[in-house]
Structures are given as C-alpha cells and as structure tokens.
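J.: Next comes the structure file upload.cif, holding mmCIF, C-alpha atoms and all ligand atoms.
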```cif
data_data
#
loop_
_atom_site.group_PDB
_atom_site.id
_atom_site.type_symbol
_atom_site.label_atom_id
_atom_site.label_comp_id
_atom_site.auth_asym_id
_atom_site.auth_seq_id
_atom_site.Cartn_x
_atom_site.Cartn_y
_atom_site.Cartn_z
ATOM 1 C CA MET A 1254 56.729 -49.227 -215.378
ATOM 2 C CA ILE A 1255 53.013 -48.707 -216.006
ATOM 3 C CA LEU A 1256 51.155 -45.582 -214.863
ATOM 4 C CA ARG A 1257 49.185 -47.422 -212.189
ATOM 5 C CA ALA A 1258 52.357 -48.795 -210.570
ATOM 6 C CA LEU A 1259 53.921 -45.337 -210.619
ATOM 7 C CA ILE A 1260 50.910 -43.848 -208.832
ATOM 8 C CA VAL A 1261 50.901 -46.615 -206.213
ATOM 9 C CA ARG A 1262 54.611 -46.010 -205.572
ATOM 10 C CA GLY A 1263 54.062 -42.249 -205.189
ATOM 11 C CA LYS A 1264 51.000 -42.712 -203.010
ATOM 12 C CA SER A 1265 52.827 -44.969 -200.602
ATOM 13 C CA ALA A 1266 55.804 -42.580 -200.362
ATOM 14 C CA LEU A 1267 53.481 -39.646 -199.626
ATOM 15 C CA TYR A 1268 51.432 -41.667 -197.152
ATOM 16 C CA GLN A 1269 54.553 -42.729 -195.258
ATOM 17 C CA GLY A 1270 55.715 -39.110 -195.285
ATOM 18 C CA GLY A 1271 52.500 -38.060 -193.523
ATOM 19 C CA ILE A 1272 51.113 -36.091 -196.452
ATOM 20 C CA PRO A 1273 47.304 -35.914 -196.323
ATOM 21 C CA ASN A 1274 45.386 -36.918 -199.482
ATOM 22 C CA ALA A 1275 48.343 -39.017 -200.651
ATOM 23 C CA ALA A 1276 46.346 -40.888 -203.315
ATOM 24 C CA ARG A 1277 44.861 -37.733 -204.844
ATOM 25 C CA ASP A 1278 48.194 -35.946 -204.894
ATOM 26 C CA ALA A 1279 50.050 -38.909 -206.452
ATOM 27 C CA ARG A 1280 47.408 -39.102 -209.177
ATOM 28 C CA LEU A 1281 47.569 -35.374 -209.944
ATOM 29 C CA LEU A 1282 51.369 -35.375 -210.046
ATOM 30 C CA ALA A 1283 51.436 -38.480 -212.279
ATOM 31 C CA ALA A 1284 48.977 -36.862 -214.676
ATOM 32 C CA HIS A 1285 51.141 -33.739 -214.729
ATOM 33 C CA VAL A 1286 54.446 -35.497 -215.499
ATOM 34 C CA CYS A 1287 52.741 -37.617 -218.187
ATOM 35 C CA ASP A 1288 51.086 -34.517 -219.634
ATOM 36 C CA ILE A 1289 47.586 -35.970 -219.487
ATOM 37 C CA ASP A 1290 44.348 -34.640 -218.028
ATOM 38 C CA PRO A 1291 43.765 -36.084 -214.513
ATOM 39 C CA SER A 1292 40.344 -37.308 -215.669
ATOM 40 C CA ARG A 1293 42.122 -39.710 -218.113
ATOM 41 C CA VAL A 1294 44.392 -41.401 -215.560
ATOM 42 C CA THR A 1295 42.125 -44.412 -215.031
ATOM 43 C CA LEU A 1296 41.726 -44.883 -218.777
ATOM 44 C CA LEU A 1297 45.482 -44.826 -219.343
ATOM 45 C CA GLU A 1298 46.668 -46.585 -216.163
ATOM 46 C CA MET A 1299 47.999 -49.661 -218.006
ATOM 47 C CA ASP A 1300 50.186 -47.541 -220.316
ATOM 48 C CA GLU A 1301 53.984 -47.612 -220.006
ATOM 49 C CA VAL A 1302 55.534 -44.434 -218.590
ATOM 50 C CA SER A 1303 58.788 -43.081 -220.047
ATOM 51 C CA GLU A 1304 61.987 -42.963 -217.970
ATOM 52 C CA ALA A 1305 61.975 -39.167 -218.219
ATOM 53 C CA ALA A 1306 58.418 -38.984 -216.816
ATOM 54 C CA ILE A 1307 59.364 -41.345 -213.968
ATOM 55 C CA ALA A 1308 62.307 -39.069 -213.075
ATOM 56 C CA ARG A 1309 60.004 -36.009 -213.133
ATOM 57 C CA PHE A 1310 57.501 -37.862 -210.964
ATOM 58 C CA ASP A 1311 60.111 -38.816 -208.361
ATOM 59 C CA ASP A 1312 61.252 -35.193 -208.236
ATOM 60 C CA ALA A 1313 57.636 -34.036 -207.809
ATOM 61 C CA ILE A 1314 57.074 -36.558 -204.991
ATOM 62 C CA THR A 1315 60.213 -35.295 -203.220
ATOM 63 C CA GLN A 1316 58.898 -31.733 -203.479
ATOM 64 C CA ARG A 1317 55.520 -32.785 -202.093
ATOM 65 C CA LEU A 1318 57.247 -34.608 -199.210
ATOM 66 C CA ASN A 1319 58.794 -31.212 -198.433
ATOM 67 C CA HIS A 1320 55.224 -29.843 -198.222
ATOM 68 C CA ARG A 1321 55.331 -27.911 -201.481
ATOM 69 C CA PRO A 1322 51.663 -27.717 -202.523
ATOM 70 C CA VAL A 1323 50.617 -29.680 -205.611
ATOM 71 C CA SER A 1324 49.440 -26.482 -207.307
ATOM 72 C CA ARG A 1325 52.949 -25.019 -206.982
ATOM 73 C CA ILE A 1326 54.607 -28.199 -208.258
ATOM 74 C CA ILE A 1327 52.405 -28.345 -211.337
ATOM 75 C CA GLY A 1328 52.337 -24.522 -211.621
ATOM 76 C CA VAL A 1329 48.578 -24.321 -212.013
ATOM 77 C CA ARG A 1330 45.615 -23.564 -209.759
ATOM 78 C CA GLU A 1331 41.977 -23.787 -210.822
ATOM 79 C CA PHE A 1332 39.798 -20.814 -209.881
ATOM 80 C CA TRP A 1333 36.161 -20.265 -210.923
ATOM 81 C CA GLY A 1334 36.522 -22.998 -213.539
ATOM 82 C CA ARG A 1335 39.695 -21.635 -215.179
ATOM 83 C CA ASN A 1336 43.328 -22.643 -214.801
ATOM 84 C CA PHE A 1337 45.743 -19.950 -213.630
ATOM 85 C CA GLN A 1338 49.532 -20.045 -213.735
ATOM 86 C CA ILE A 1339 51.038 -19.973 -210.235
ATOM 87 C CA THR A 1340 54.687 -19.177 -209.517
ATOM 88 C CA ASP A 1341 56.727 -18.565 -206.381
ATOM 89 C CA ASP A 1342 56.010 -14.828 -206.814
ATOM 90 C CA VAL A 1343 52.271 -15.097 -206.165
ATOM 91 C CA LEU A 1344 49.840 -16.362 -203.561
ATOM 92 C CA ASP A 1345 48.432 -19.808 -204.243
ATOM 93 C CA PRO A 1346 44.765 -18.739 -204.426
ATOM 94 C CA LEU A 1347 42.219 -20.275 -202.080
ATOM 95 C CA GLY A 1348 38.816 -21.617 -203.048
ATOM 96 C CA ASP A 1349 37.181 -19.337 -200.431
ATOM 97 C CA THR A 1350 38.153 -16.345 -202.566
ATOM 98 C CA GLU A 1351 35.524 -17.464 -205.107
ATOM 99 C CA THR A 1352 32.978 -15.962 -202.650
ATOM 100 C CA LEU A 1353 34.155 -12.517 -203.840
ATOM 101 C CA ILE A 1354 33.464 -13.423 -207.473
ATOM 102 C CA ALA A 1355 29.985 -14.719 -206.637
ATOM 103 C CA GLU A 1356 29.245 -11.381 -204.968
ATOM 104 C CA ALA A 1357 30.847 -9.259 -207.701
ATOM 105 C CA LEU A 1358 28.808 -10.988 -210.411
ATOM 106 C CA LYS A 1359 25.611 -9.838 -208.680
ATOM 107 C CA THR A 1360 26.576 -6.269 -209.629
ATOM 108 C CA SER A 1361 26.545 -4.725 -213.092
ATOM 109 C CA ALA A 1362 29.999 -3.151 -212.621
ATOM 110 C CA LYS A 1363 31.779 -2.294 -215.867
ATOM 111 C CA ARG A 1364 34.821 -0.403 -214.548
ATOM 112 C CA ILE A 1365 36.537 -2.671 -212.081
ATOM 113 C CA LEU A 1366 39.674 -2.218 -209.969
ATOM 114 C CA ASP A 1367 41.435 -5.274 -208.495
ATOM 115 C CA LEU A 1368 43.933 -4.164 -205.826
ATOM 116 C CA GLY A 1369 46.799 -6.586 -205.074
ATOM 117 C CA THR A 1370 45.961 -8.898 -207.942
ATOM 118 C CA GLY A 1371 48.697 -11.538 -207.435
ATOM 119 C CA SER A 1372 48.168 -14.161 -210.138
ATOM 120 C CA GLY A 1373 45.240 -12.062 -211.378
ATOM 121 C CA ILE A 1374 42.457 -14.445 -210.417
ATOM 122 C CA LEU A 1375 39.929 -11.786 -209.400
ATOM 123 C CA GLY A 1376 40.364 -9.192 -212.144
ATOM 124 C CA ILE A 1377 40.875 -11.755 -214.904
ATOM 125 C CA THR A 1378 37.899 -13.869 -213.854
ATOM 126 C CA LEU A 1379 35.672 -10.775 -213.854
ATOM 127 C CA ALA A 1380 36.976 -9.689 -217.264
ATOM 128 C CA ALA A 1381 36.330 -13.191 -218.613
ATOM 129 C CA GLU A 1382 32.845 -13.406 -217.118
ATOM 130 C CA ARG A 1383 31.819 -9.861 -218.066
ATOM 131 C CA LEU A 1384 32.742 -9.167 -221.659
ATOM 132 C CA ASP A 1385 31.720 -5.505 -221.343
ATOM 133 C CA ALA A 1386 33.979 -4.886 -218.343
ATOM 134 C CA PHE A 1387 37.259 -2.943 -218.331
ATOM 135 C CA VAL A 1388 39.535 -3.920 -215.485
ATOM 136 C CA VAL A 1389 42.547 -2.286 -213.844
ATOM 137 C CA VAL A 1390 44.692 -4.706 -211.844
ATOM 138 C CA THR A 1391 47.449 -3.533 -209.499
ATOM 139 C CA ASP A 1392 50.139 -4.998 -207.349
ATOM 140 C CA ILE A 1393 53.159 -3.660 -205.513
ATOM 141 C CA SER A 1394 55.050 -6.688 -206.857
ATOM 142 C CA LYS A 1395 56.347 -6.338 -210.429
ATOM 143 C CA ALA A 1396 56.893 -10.108 -210.542
ATOM 144 C CA ALA A 1397 53.278 -10.793 -209.588
ATOM 145 C CA LEU A 1398 52.053 -8.439 -212.332
ATOM 146 C CA LEU A 1399 54.015 -10.455 -214.914
ATOM 147 C CA VAL A 1400 52.234 -13.609 -213.784
ATOM 148 C CA ALA A 1401 48.883 -11.798 -213.980
ATOM 149 C CA LYS A 1402 49.726 -10.652 -217.521
ATOM 150 C CA ASN A 1403 50.458 -14.234 -218.576
ATOM 151 C CA ASN A 1404 47.163 -15.347 -217.107
ATOM 152 C CA ALA A 1405 45.280 -12.556 -218.855
ATOM 153 C CA LYS A 1406 46.752 -13.724 -222.188
ATOM 154 C CA ARG A 1407 45.923 -17.304 -221.371
ATOM 155 C CA HIS A 1408 42.267 -16.306 -220.961
ATOM 156 C CA HIS A 1409 42.234 -13.845 -223.877
ATOM 157 C CA VAL A 1410 41.250 -10.801 -221.825
ATOM 158 C CA GLU A 1411 44.527 -8.813 -221.930
ATOM 159 C CA ASP A 1412 42.941 -6.194 -224.238
ATOM 160 C CA ARG A 1413 40.492 -5.173 -221.510
ATOM 161 C CA ILE A 1414 42.950 -5.187 -218.614
ATOM 162 C CA LYS A 1415 45.416 -2.506 -217.562
ATOM 163 C CA PHE A 1416 48.292 -3.564 -215.292
ATOM 164 C CA ILE A 1417 49.632 -0.973 -212.852
ATOM 165 C CA GLU A 1418 52.468 -1.338 -210.358
ATOM 166 C CA SER A 1419 51.202 0.567 -207.339
ATOM 167 C CA ASP A 1420 51.324 0.712 -203.557
ATOM 168 C CA TRP A 1421 47.538 0.446 -203.080
ATOM 169 C CA PHE A 1422 46.076 3.689 -204.576
ATOM 170 C CA ASP A 1423 49.348 5.626 -204.962
ATOM 171 C CA SER A 1424 49.667 5.366 -208.781
ATOM 172 C CA LEU A 1425 45.964 5.250 -209.574
ATOM 173 C CA HIS A 1426 43.444 7.700 -210.913
ATOM 174 C CA GLY A 1427 39.929 7.406 -212.315
ATOM 175 C CA LYS A 1428 36.605 6.133 -211.053
ATOM 176 C CA PHE A 1429 35.447 2.552 -210.726
ATOM 177 C CA ASP A 1430 32.062 0.883 -210.226
ATOM 178 C CA LEU A 1431 33.689 -1.860 -208.199
ATOM 179 C CA ILE A 1432 36.878 -2.145 -206.177
ATOM 180 C CA ILE A 1433 37.669 -5.756 -205.360
ATOM 181 C CA SER A 1434 40.606 -7.006 -203.336
ATOM 182 C CA ASN A 1435 41.974 -9.904 -201.369
ATOM 183 C CA PRO A 1436 44.690 -8.006 -199.502
ATOM 184 C CA PRO A 1437 47.289 -9.562 -197.188
ATOM 185 C CA TYR A 1438 45.520 -9.737 -193.818
ATOM 186 C CA ILE A 1439 47.266 -12.208 -191.515
ATOM 187 C CA ALA A 1440 48.372 -10.511 -188.272
ATOM 188 C CA GLU A 1441 52.133 -10.687 -187.653
ATOM 189 C CA ASN A 1442 51.651 -12.765 -184.501
ATOM 190 C CA GLU A 1443 49.468 -15.307 -186.344
ATOM 191 C CA MET A 1444 52.060 -16.100 -189.014
ATOM 192 C CA ASP A 1445 53.693 -18.892 -186.984
ATOM 193 C CA ALA A 1446 50.390 -20.754 -186.770
ATOM 194 C CA LEU A 1447 50.031 -21.061 -190.579
ATOM 195 C CA GLU A 1448 50.376 -24.480 -192.199
ATOM 196 C CA ARG A 1449 53.790 -25.370 -193.625
ATOM 197 C CA ASP A 1450 52.292 -25.592 -197.137
ATOM 198 C CA VAL A 1451 51.441 -21.879 -196.828
ATOM 199 C CA ILE A 1452 54.138 -20.284 -194.693
ATOM 200 C CA ASN A 1453 57.040 -21.883 -196.570
ATOM 201 C CA PHE A 1454 55.817 -21.164 -200.084
ATOM 202 C CA ASP A 1455 53.510 -18.128 -200.327
ATOM 203 C CA PRO A 1456 55.382 -14.792 -200.571
ATOM 204 C CA LYS A 1457 55.321 -13.046 -197.184
ATOM 205 C CA ILE A 1458 54.107 -9.818 -198.796
ATOM 206 C CA ALA A 1459 51.018 -11.692 -200.016
ATOM 207 C CA LEU A 1460 50.196 -13.021 -196.562
ATOM 208 C CA THR A 1461 50.774 -10.273 -194.017
ATOM 209 C CA PRO A 1462 50.986 -6.494 -193.923
ATOM 210 C CA GLY A 1463 52.527 -6.873 -190.434
ATOM 211 C CA GLY A 1464 51.028 -5.574 -187.183
ATOM 212 C CA ASP A 1465 47.372 -6.463 -186.587
ATOM 213 C CA GLY A 1466 46.783 -7.347 -190.252
ATOM 214 C CA LEU A 1467 44.282 -4.510 -190.784
ATOM 215 C CA ALA A 1468 46.530 -1.897 -192.453
ATOM 216 C CA PRO A 1469 45.254 -2.529 -196.040
ATOM 217 C CA TYR A 1470 41.636 -2.157 -194.848
ATOM 218 C CA ARG A 1471 42.476 1.153 -193.172
ATOM 219 C CA ILE A 1472 44.002 2.396 -196.431
ATOM 220 C CA ILE A 1473 41.157 1.114 -198.599
ATOM 221 C CA ALA A 1474 38.452 2.448 -196.244
ATOM 222 C CA GLY A 1475 40.271 5.798 -196.105
ATOM 223 C CA GLN A 1476 40.772 6.263 -199.856
ATOM 224 C CA ALA A 1477 38.340 4.114 -201.840
ATOM 225 C CA GLN A 1478 35.540 6.732 -201.880
ATOM 226 C CA ASN A 1479 37.774 8.947 -204.083
ATOM 227 C CA TYR A 1480 37.966 6.174 -206.694
ATOM 228 C CA LEU A 1481 34.348 4.963 -206.669
ATOM 229 C CA SER A 1482 31.634 6.098 -209.039
ATOM 230 C CA GLU A 1483 28.163 6.888 -207.692
ATOM 231 C CA ASN A 1484 26.688 3.665 -206.316
ATOM 232 C CA GLY A 1485 30.157 2.133 -206.549
ATOM 233 C CA ARG A 1486 31.064 -0.537 -204.042
ATOM 234 C CA VAL A 1487 33.978 -2.393 -202.552
ATOM 235 C CA ILE A 1488 34.129 -6.150 -202.109
ATOM 236 C CA LEU A 1489 37.020 -7.339 -199.972
ATOM 237 C CA GLU A 1490 38.189 -10.625 -198.567
ATOM 238 C CA ILE A 1491 38.766 -10.614 -194.786
ATOM 239 C CA GLY A 1492 40.170 -13.023 -192.222
ATOM 240 C CA TYR A 1493 37.346 -14.932 -190.526
ATOM 241 C CA LEU A 1494 37.850 -13.068 -187.226
ATOM 242 C CA GLN A 1495 38.136 -9.600 -188.771
ATOM 243 C CA GLY A 1496 34.464 -9.013 -189.671
ATOM 244 C CA ASN A 1497 33.610 -6.559 -186.852
ATOM 245 C CA ASP A 1498 36.858 -4.593 -187.097
ATOM 246 C CA VAL A 1499 36.694 -4.143 -190.860
ATOM 247 C CA GLN A 1500 32.964 -3.381 -190.813
ATOM 248 C CA ASN A 1501 33.623 -0.594 -188.282
ATOM 249 C CA LEU A 1502 36.475 0.807 -190.382
ATOM 250 C CA PHE A 1503 34.139 1.175 -193.370
ATOM 251 C CA LEU A 1504 31.212 2.544 -191.333
ATOM 252 C CA ASN A 1505 33.515 5.108 -189.697
ATOM 253 C CA ALA A 1506 34.825 6.105 -193.139
ATOM 254 C CA GLY A 1507 31.239 6.937 -194.203
ATOM 255 C CA PHE A 1508 30.415 3.898 -196.350
ATOM 256 C CA VAL A 1509 26.811 2.625 -196.330
ATOM 257 C CA SER A 1510 25.194 -0.827 -196.590
ATOM 258 C CA VAL A 1511 28.294 -2.343 -195.004
ATOM 259 C CA GLN A 1512 27.783 -6.094 -194.796
ATOM 260 C CA VAL A 1513 29.851 -9.062 -193.665
ATOM 261 C CA LEU A 1514 29.243 -12.172 -195.815
ATOM 262 C CA GLN A 1515 30.144 -15.783 -195.129
ATOM 263 C CA ASP A 1516 31.987 -18.354 -197.250
ATOM 264 C CA LEU A 1517 30.650 -21.860 -197.960
ATOM 265 C CA ASP A 1518 31.953 -23.017 -194.551
ATOM 266 C CA GLY A 1519 29.811 -20.350 -192.875
ATOM 267 C CA LYS A 1520 32.845 -18.291 -191.823
ATOM 268 C CA ASP A 1521 33.028 -14.502 -192.189
ATOM 269 C CA ARG A 1522 34.962 -14.006 -195.435
ATOM 270 C CA VAL A 1523 33.847 -10.911 -197.318
ATOM 271 C CA ILE A 1524 33.050 -7.254 -196.636
ATOM 272 C CA VAL A 1525 30.772 -5.399 -199.027
ATOM 273 C CA ALA A 1526 30.387 -1.628 -198.669
ATOM 274 C CA LYS A 1527 28.751 1.072 -200.803
ATOM 275 C CA ARG A 1528 29.989 4.580 -201.428
ATOM 276 C CA ALA A 1529 27.837 7.150 -199.657
ATOM 277 C CA VAL A 1530 25.939 9.270 -202.199
HETATM 278 C C1 LIG B 1601 46.556 -12.226 -200.448
HETATM 279 S S1 LIG B 1601 47.417 -11.823 -201.940
HETATM 280 C C2 LIG B 1601 46.051 -11.888 -203.058
HETATM 281 C C3 LIG B 1601 46.419 -12.171 -204.474
HETATM 282 C C4 LIG B 1601 45.213 -12.469 -205.353
HETATM 283 N N1 LIG B 1601 44.290 -11.346 -205.413
HETATM 284 C C5 LIG B 1601 44.505 -13.705 -204.856
HETATM 285 O O1 LIG B 1601 43.424 -13.582 -204.280
HETATM 286 O O2 LIG B 1601 45.041 -14.820 -205.032
HETATM 287 C C6 LIG B 1601 47.718 -10.104 -201.716
HETATM 288 C C7 LIG B 1601 48.404 -9.392 -202.865
HETATM 289 O O3 LIG B 1601 48.566 -8.018 -202.479
HETATM 290 C C8 LIG B 1601 49.820 -7.563 -202.921
HETATM 291 N N2 LIG B 1601 50.234 -6.445 -202.063
HETATM 292 C C9 LIG B 1601 50.820 -6.479 -200.853
HETATM 293 N N3 LIG B 1601 51.053 -5.235 -200.413
HETATM 294 C C10 LIG B 1601 50.607 -4.392 -201.373
HETATM 295 C C11 LIG B 1601 50.565 -2.970 -201.501
HETATM 296 N N4 LIG B 1601 51.082 -2.168 -200.543
HETATM 297 N N5 LIG B 1601 50.042 -2.436 -202.615
HETATM 298 C C12 LIG B 1601 49.531 -3.244 -203.597
HETATM 299 N N6 LIG B 1601 49.542 -4.601 -203.530
HETATM 300 C C13 LIG B 1601 50.070 -5.166 -202.422
HETATM 301 C C14 LIG B 1601 50.728 -8.775 -202.803
HETATM 302 O O4 LIG B 1601 51.877 -8.643 -203.634
HETATM 303 C C15 LIG B 1601 49.798 -9.903 -203.220
HETATM 304 O O5 LIG B 1601 49.871 -10.159 -204.596
#
```
Rewrite the structure from the file as structure tokens, please.
Ligand SMILES: C[S@@+](CC[C@H](N)C(=O)[O-])C[C@H]1O[C@@H](n2cnc3c(N)ncnc32)[C@H](O)[C@@H]1O
T.:
Amino acid sequence: MILRALIVRGKSALYQGGIPNAARDARLLAAHVCDIDPSRVTLLEMDEVSEAAIARFDDAITQRLNHRPVSRIIGVREFWGRNFQITDDVLDPLGDTETLIAEALKTSAKRILDLGTGSGILGITLAAERLDAFVVVTDISKAALLVAKNNAKRHHVEDRIKFIESDWFDSLHGKFDLIISNPPYIAENEMDALERDVINFDPKIALTPGGDGLAPYRIIAGQAQNYLSENGRVILEIGYLQGNDVQNLFLNAGFVSVQVLQDLDGKDRVIVAKRAV
C-alpha cells in the first residue's frame, strides 16, 4: 500500500468514528509510523509503506478512535518551537501555556523556579531561551521528574537545571528572581465537564487539587515571598474564571503590581505578581 492510500484509509476511519480533524490526525500518525517529518508526507505520498508500519498505523488509529490524543500516541508535544517527550505520567501541555513564557521572557530573571514542572516545558524552555539562567524544577511526582530530565537532556540544558521532588515549597530553599508555575487548578466539580481526550489521559494530580481548585494558589501566595529575591515575581497560569479570586489571594498576601493577563483567545490565563519590597 502507498502512503497516500494509508492516510485516506485512516482519515475515513477517524471521520466515521466522529474524531474531529480526521485528515490532520491521520497524516500526523502516518508520518509518525513511517518515521518521517509531517512536512514531507506530500513529497513521499506515492512511496510504498512496509507491513510493519501499516500495523503500527492501524494500532495508532484504534488508539485515536478511543480518544487518545495524537500527542500521546506519538509521545511528543511541541511547545515554544521545541519537541517535548510526553508520557502517561505528565500533563499533555496546552498551547495557552506559552503565554507564561512570553511574559517570563520580558523579565531578566536568572534564578528561576518552576513549580509542578510535569514534562518540564516551562523550566526547560526558559533554560533554553536564557543561556545565563539557572533553573530549579519541582514536582510531587517522581515519574514526571524523570520525563522532565529526559526533556532537559534532549534540549541540552540539564547542566543548568536542578530537579527536586517536592510538595510545592516543602523541600526547597534559596531565592529566585522568578517563580513560574502551571499548577493543577480544575475544581473538583468541573472535572466531569472536561473533554474525553483530557479526562481519560492526563494524570488526575496534574488536573485538579480537589475542592475549588485554588489550593495551589493559596500555598504559592502564602509562601512565595520567602523564596523571591528583591523585585522577584511570580507568573502563574490560572483557569479562565479564576482571575479575580487569584488576584485577591496575591493582593491579600502583600504582593504588588498584581495583574491578570489574557491568552491569545482573550481569556484570563495568567497572574503576574511582584514581591513587596
Ligand atoms: C497542570 S500540570 C503542569 C505541568 C507542566 N508545568 C505543564 O504546564 O505542562 C501540574 C503539575 O503539578 C504537579 N503537582 C501536583 N500537585 C503538586 C504538589 N503538591 N507539589 C508539586 N507539584 C504538584 C503535577 O504532578 C503536575 O505535573
């Protein structure tokens, strides 16, 4: 079978299974099983595909029909122009989280703390973009930290990153110019409304802290000042309805210049707050 025919077969199976973006997904999965860059699919579409690749493709299509996201099937997610390994132990990062990087790169922070790093996208991206930065990344999940370590090696920044297993600040000491985090923030009673691609595959600990979803912000607002250098700031992802609540938590904890920023869709997505001098 030639590559084009394989993609058509996959696309029609996904379409009939009600999977959105069937053509795009079939193309990405075909490129993955044939070990070629997706940008070369059109160029190579008349090539014969091996029996082994066809079997891998059919398996990938079955996974996708079960709503497993393409990034999880191929084990890779692109973030800020770099590919990151994704496993079942980490959140599949969202494009909206790039808003935090855009904001962080406006600062001149050199000592950076990434709390709840997951696959490492935030801390590793900042280490890769800022060659003079030293980054501490933490997670309560040992398995997630292993994934982050692999990604740090992949992007050649492991020498400037320290990996610490910690329940938020519990195992940390030192001062940082920037604390960045995308903590779990979905309220317990909103979990059922999540899409199947998310709820069935992202680790629960990466999605929700339980209760009203604000517990990590209470902890970070309560303790971050002890870990920030003068003029240090925090940049945190928030749920799009949490702007007022999280802003008040940081104002009440004595932070200054507390701002809510929007993502590219215009939704509240980020809180920035400065340590009071
Ligand atoms: C929403 S995910 C974000 C992962 C990554 N920063 C990203 O944006 O893709 C939240 C992360 O926080 C970690 N986490 C949950 N509870 C934690 C805690 N008590 N202390 C430290 N990390 C925690 C989870 O294991 C998960 O990796």
J.: Starting from the shown file, work through the PyMOL selection byres (((chain A and resi 1432) around 12) and not hetatm) and note down what comes out as a ChimeraX atom specification.
T.: /A:1353-1354,1357,1360,1362-1370,1375-1376,1379,1388-1391,1421-1422,1427-1431,1433-1436,1473-1474,1476-1482,1484-1490,1524-1528
J.: Using all atoms listed in the file, find each residue of segment 1381-1492 of chain A with at least one atom at most 9 Å away from an atom of segment 1311-1332 of chain A; report its shortest atom-to-atom pair and that distance in Å (one decimal), sort the rows by chain and rising residue number, and return the result as a Markdown table.
T.:
```
| residue | atom | partner | partner_atom | distance |
| --- | --- | --- | --- | --- |
| A:Arg1449 | CA | A:His1320 | CA | 6.6 |
| A:Asp1450 | CA | A:His1320 | CA | 5.3 |
| A:Val1451 | CA | A:Pro1322 | CA | 8.2 |
| A:Asn1453 | CA | A:Arg1321 | CA | 8.0 |
| A:Phe1454 | CA | A:Arg1321 | CA | 6.9 |
```
J.: Check which residues satisfy the PyMOL selection byres (((not hetatm)) within 7 of (chain B and resi 1601)) in the file shown, then give them as an MDAnalysis selection string.
T.: chainID A and resid 1343:1347 1350 1368:1375 1391:1394 1397 1419:1421 1434:1437 1458:1460 1462
J.: Translate the PyMOL selection byres (((chain A and resi 1284) around 10) and not hetatm) into a concrete residue list for this structure, as an mmCIF file with C-alpha atoms, keeping the file's coordinate frame.
T.:
```
data_model
loop_
_atom_site.group_PDB
_atom_site.id
_atom_site.type_symbol
_atom_site.label_atom_id
_atom_site.label_comp_id
_atom_site.auth_asym_id
_atom_site.auth_seq_id
_atom_site.Cartn_x
_atom_site.Cartn_y
_atom_site.Cartn_z
ATOM 1 C CA LEU A 1256 51.155 -45.582 -214.863
ATOM 2 C CA ILE A 1260 50.910 -43.848 -208.832
ATOM 3 C CA ASP A 1278 48.194 -35.946 -204.894
ATOM 4 C CA ALA A 1279 50.050 -38.909 -206.452
ATOM 5 C CA ARG A 1280 47.408 -39.102 -209.177
ATOM 6 C CA LEU A 1281 47.569 -35.374 -209.944
ATOM 7 C CA LEU A 1282 51.369 -35.375 -210.046
ATOM 8 C CA ALA A 1283 51.436 -38.480 -212.279
ATOM 9 C CA HIS A 1285 51.141 -33.739 -214.729
ATOM 10 C CA VAL A 1286 54.446 -35.497 -215.499
ATOM 11 C CA CYS A 1287 52.741 -37.617 -218.187
ATOM 12 C CA ASP A 1288 51.086 -34.517 -219.634
ATOM 13 C CA ILE A 1289 47.586 -35.970 -219.487
ATOM 14 C CA ASP A 1290 44.348 -34.640 -218.028
ATOM 15 C CA PRO A 1291 43.765 -36.084 -214.513
ATOM 16 C CA SER A 1292 40.344 -37.308 -215.669
ATOM 17 C CA ARG A 1293 42.122 -39.710 -218.113
ATOM 18 C CA VAL A 1294 44.392 -41.401 -215.560
ATOM 19 C CA LEU A 1297 45.482 -44.826 -219.343
ATOM 20 C CA ALA A 1306 58.418 -38.984 -216.816
ATOM 21 C CA PHE A 1310 57.501 -37.862 -210.964
ATOM 22 C CA ILE A 1327 52.405 -28.345 -211.337
#
```
J.: In Å, with one decimal, what is the gap from atom CA of Asn1336 of chain A to atom CA of Lys1402 of chain A?
T.: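 Between atom CA of Asn1336 of chain A and atom CA of Lys1402 of chain A the gap works out to 13.9 Å.
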J.: Ranking A:Leu1467, A:Ile1255, A:Leu1502, A:Ile1417 by minimum distance to Glu1301 of chain A and counting all atoms listed in the file, which one comes first?
T.: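 Smallest distance to Glu1301 of chain A is found for A:Ile1255.
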J.: What's the 12 Å shell around Val1410 of chain A, counting all atoms listed in the file, without same-chain residues fewer than 5 positions away, as a PyMOL selection string?
T.: chain A and resi 1373+1376-1389+1401-1405+1415
J.: Find, counting only C-alpha atoms, the residue in A:Leu1259, A:Trp1333, A:Arg1277, A:Gln1269 that gets nearest to Met1299 of chain A.
T.: A:Leu1259
J.: Provide the atom CA of Glu1483 of chain A to atom CA of Asp1516 of chain A distance in Å, to one decimal place.
T.: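 These atoms are spaced 27.6 Å apart.
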J.: Please report the interatomic distance between atom CA of Gly1475 of chain A and atom CA of Ala1506 of chain A in Å with one decimal.
T.: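 Atom CA of Ala1506 of chain A lies at a distance of 6.2 Å from atom CA of Gly1475 of chain A.
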J.: Model the absent atoms of segment 1394-1404 of chain A so that N, CA and C atoms are present, and write the result as a short mmCIF file (atom, residue, chain, number, x, y, z; two decimals), keeping the file's coordinate frame.
T.:
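Just written: rebuild_22.cif:
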```cif
data_model
loop_
_atom_site.label_atom_id
_atom_site.label_comp_id
_atom_site.auth_asym_id
_atom_site.auth_seq_id
_atom_site.Cartn_x
_atom_site.Cartn_y
_atom_site.Cartn_z
N SER A 1394 54.02 -5.76 -206.37
CA SER A 1394 55.05 -6.69 -206.86
C SER A 1394 55.04 -6.74 -208.39
N LYS A 1395 56.19 -6.29 -208.96
CA LYS A 1395 56.35 -6.34 -210.43
C LYS A 1395 56.26 -7.79 -210.92
N ALA A 1396 56.87 -8.69 -210.15
CA ALA A 1396 56.89 -10.11 -210.54
C ALA A 1396 55.48 -10.69 -210.58
N ALA A 1397 54.66 -10.30 -209.60
CA ALA A 1397 53.28 -10.79 -209.59
C ALA A 1397 52.53 -10.27 -210.81
N LEU A 1398 52.76 -9.00 -211.17
CA LEU A 1398 52.05 -8.44 -212.33
C LEU A 1398 52.39 -9.19 -213.62
N LEU A 1399 53.64 -9.68 -213.72
CA LEU A 1399 54.02 -10.46 -214.91
C LEU A 1399 53.22 -11.76 -214.98
N VAL A 1400 53.03 -12.37 -213.82
CA VAL A 1400 52.23 -13.61 -213.78
C VAL A 1400 50.79 -13.29 -214.18
N ALA A 1401 50.26 -12.19 -213.64
CA ALA A 1401 48.88 -11.80 -213.98
C ALA A 1401 48.75 -11.53 -215.48
N LYS A 1402 49.78 -10.91 -216.07
CA LYS A 1402 49.73 -10.65 -217.52
C LYS A 1402 49.66 -11.96 -218.30
N ASN A 1403 50.49 -12.92 -217.91
CA ASN A 1403 50.46 -14.23 -218.58
C ASN A 1403 49.08 -14.86 -218.47
N ASN A 1404 48.49 -14.74 -217.29
CA ASN A 1404 47.16 -15.35 -217.11
C ASN A 1404 46.09 -14.62 -217.91
#
```
